[in-house]
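Trainee: First the structure, which I've put down as structure tokens, then a few questions once you've had a look.
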Number of protein chains: 2
Amino acid sequence: MAEKFNYSLPSGFNIELLPGAKRLEQKIMGIMVKVFEKYGFSPIETPAVERLEVLQAKGNQGDNILYGITPLTPDNHDNEESRALKFDQTVPLAAYIARHLHQIQFPFARYQMDMVFRGERAKTGRYRQFRQCDIDVVGREKLSLLYDAQIPAIIYEIFQQLGIGKFIIRVNNRKILTGFFDNLQIGEKRIKECIKIIDTLEKVGETRVKQELEKIGMSAEISDLVMAFINLKGTNAEIFQQLETNFSTITNATFQLGIQELKEVMTGVRSLQVPEENCQIDLSIARGLDYYTGTVYETTLVGHESLGSICSGGRYEELVGLFAGEKLPGVGISIGLTRLLGKLLDLGILQPLSPSPAQVMILNMQSELMAEYLQIAQRLRAQDINVLVNFDPKPIKKQLDYANKLQIPVCLLIGSNEYENSVAQLKNMRSGEQISVPLASIEAEIMSLLRGIPS
Amino acid sequence: MAEKFNYSLPSGFNIELLPGAKRLEQKIMGIMVKVFEKYGFSPIETPAVERLEVLQAKGNQGDNILYGITPLTPDNHDNEESRALKFDQTVPLAAYIARHLHQIQFPFARYQMDMVFRGERAKTGRYRQFRQCDIDVVGREKLSLLYDAQIPAIIYEIFQQLGIGKFIIRVNNRKILTGFFDNLQIGEKRIKECIKIIDTLEKVGETRVKQELEKIGMSAEISDLVMAFINLKGTNAEIFQQLETNFSTITNATFQLGIQELKEVMTGVRSLQVPEENCQIDLSIARGLDYYTGTVYETTLVGHESLGSICSGGRYEELVGLFAGEKLPGVGISIGLTRLLGKLLDLGILQPLSPSPAQVMILNMQSELMAEYLQIAQRLRAQDINVLVNFDPKPIKKQLDYANKLQIPVCLLIGSNEYENSVAQLKNMRSGEQISVPLASIEAEIMSLLRGIPS
């Protein structure tokens, strides 16, 4: 054991979780799965590795984020094909659909909560591996806008259940922005640039956005108009009202189609009973990625705006049909779980769970009684109680200390006295109270005690 | 869309799962998590990537299985440090323990069900990425043999719940084999070779094992004795009996210690109520890997012996303390889930679940009623029923066809007639029966119907 190793984590891979944090992540993922499935989304599996050609296909974010993989032993390179780790779940979804086109039913609603990898430069707060939780619905040729309406309902239910405080899902439609800029006759090439500038609003502030717009040739007057437009405030109904009165002169077809789409989506959102305080129109939501063509979403945690969007996505027309060679419009969102979990823990918005799932620890009071301890443990486990039996014959204080460090709520002490009298000492580790209960009804006693202890 | 891509899976990465198979995998993992936690095991997270130095540390299986990773853009290489993807969960566990030595409580019982990567030559049936489900308990300095006894109880409960037919957990102790061979005075170097040869018994058969033993210098007489020894049959008590009578002349201390350890373990297994028909001593179980020092396990699916062991592991003394520089003995097992799932599906032992988690599909009978459909969907979801609303206004037959392909058990048909009369048509998609039920009690009606339909 004299050998010394540098066993530290590679930079950018500091995603390790201690048991309490990992248990919290599992709980969050459990909530997500339950909600995704309530809306009929199915899980799928795709490998972490794809052919480089697939990951480099258009719609990706450039080679700059790719991590290549190669067997260390040259003999194991089976051909000249290059491969890389997936950097998101959308390009693999497109490849998956092409690979299984005739085994899939459309509309195809799938979720996937998987690790993705980014071969970017290491930088504080930037992960080279992280878990992304995605849902997408993909249709053949057409996809109803009601799928866009379902997305906020799903996000709402998840964040509501997570109990992370007030959040706002902000919705817009790319066609409104595209049409609005088109109407300004700034030239078609500038439209995408303008949308990318708008997308930085939250990060850089209004003054800077206005400057950037003017830098690409917009007059101060026009940039004022843009700022007024993306800053439209009010209830969803009031915003539609303003669009129809103050901006009624914009006859641009894309603009009008965008408004119509957004109306249909927001009507669906209302039918799905998402409270308006949690889902609002925000004309400044643009999303940076080129591939969005309609509805776009961002989600803000109120009071923690600096976190940026904790759940984003939108509608795309061309992305997923890329490999299948068909028109497969889709709509989806992504939650960057690794980053979100880290931030929620850092800010104290959520706390790690207890480091052990055990609800009961049976102490080793006398090694001769071990067979009895094991049998009692099995009786409790048969009632779905999580039980840890302490095998080490340490002093009782040390055993209780171990239970406390693992935050196990109940300890069971059975010495020879107790055993002869067919009883056990039940210790509530939160209150310190200890009661004697008959061994015959130990399951019921423990279940009743556990019900009274907040987990 | 004219561009053509080769979007096929890279060879060795054919681990994709369609929704029904992925749902089955999730169900299996759910069972595992529940059992692991019943015994007090906690989940942890480690990255997929470690420093090459960590993965090359002793106890690994050689560079031959490593997959190196490198950012595609040379600018993103932040230093000269080499990194690779993890090939198992044990070496990362050792590094994790060293990294978090003072945040962990010992004995430390953890589970991890993660993807591992092997940069081996592509070969039929060999995966370059697969999911491995591992549990290990690690102690500081010492670790009670009762932890070894718990392992078969955990395996038993999992495979029992999976419903995959009869299985046998076969248990041995490396010290028995080591001591037995030591006693033959074949030279210390030969002991490990002999154990590796014994490990191939199931694959190559008795004749071949005997030949191999003789090839390394054993006489026919001695190899007969070896074969007789590893073939000892009988109940666990009978095997101990034979060890104590027929082999009582073997006074080798390691041999005797091995027997004593195995007895303690099997006594614990009995106290934990694992039926003897599911957990048997088998002196031919050797395990190929060098690092096992005591108890070893393999699990055979009866009638499908050619699958090999579906769950294996054992006790190791040195492996996990490697980086921490302490003695951290451990015991654990691993289930190669990707391979096991593939085989169970291929053999028809398990079937994929339905491709959709949806229990109810609400048909789009009249788009004007969509707001009502959405509200009914939310009422059902509030009762934890998984609901898919069909947004596309296709002919009813096509909508029912979609529900059938997704194997959704119940459809809800509400046309304008039904809506006016505040009723819905409930269609049992398994039996074809259709009944009219009041909308006011739709939740209860559907729950009662679902209870009668096997999922």
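Chain lettering (A, B, ...) mirrors the order of the structure tokens, residue numbering begins at 1 for each chain separately, and ligand numbering begins at 1 in order of display.
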For chain A against chain B, which residues fall within 6 Å using only C-alpha atoms, given as a PyMOL selection string?

Mentor: chain A and resi 1+7+16-19+22+37-40+42-46+54+64+66-73+76+95+119-121+271-272+325+356-358+371+374+386-388

Trainee: To test your reading of the structure, identify every residue in region 43-166 of chain A that backbone DSSP assigns to helix (DSSP H, G or I), and report it as a ChimeraX atom specification.

Mentor: /A:52-55,63-65,74-76,90-99,146-162

Trainee: Using only C-alpha atoms, which protein or nucleic acid residues come within 8 Å of Gly313 (chain A)? Drop anything in the same chain fewer than 2 positions from it, and give the result as a list in words.

Mentor: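 That gives Arg287, Val296, Tyr297, Glu298, Cys311, Arg315, Val331, Gly332, Ile333 and Ser334 of chain A.
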
Trainee: For the residues in the current selection, export C-alpha atoms as a CSV table (one decimal), in the first residue's frame.

Mentor:
```
chain,number,residue,atom,x,y,z
A,287,ARG,CA,-33.6,30.8,-27.0
A,296,VAL,CA,-40.1,28.5,-26.8
A,297,TYR,CA,-40.0,28.1,-23.1
A,298,GLU,CA,-37.8,29.2,-20.2
A,311,CYS,CA,-35.9,24.3,-17.7
A,315,ARG,CA,-40.8,23.5,-30.9
A,331,VAL,CA,-41.5,19.9,-29.2
A,332,GLY,CA,-39.6,19.3,-26.0
A,333,ILE,CA,-37.8,20.6,-23.0
A,334,SER,CA,-34.7,19.8,-21.1
```

Trainee: Excluding Leu337 (chain B) and residues on its chain fewer than 4 positions from it, collect all residues at most 10 Å away from it, counting only C-alpha atoms, and give them as number ranges by chain.

Mentor: B: 25, 28-29, 113-115, 130-134, 310-311, 341-343

Trainee: Run DSSP on the backbone of this structure and report the residues of region 99-314 of chain A it assigns to strand (DSSP E or B), as an MDAnalysis selection string.

Mentor: chainID A and resid 108:117 129:138 167:173 279:281 292:301 312:314

Trainee: Find the residues near Glu261 (chain B): any atom within 8 Å, counting only C-alpha atoms, skip ones fewer than 6 places away on the same chain, and give them as a list of chain:residue names.

Mentor: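 Once the adjacent positions are removed, what remains is B:Leu145, B:Asn173, B:Gly294, B:Thr295.
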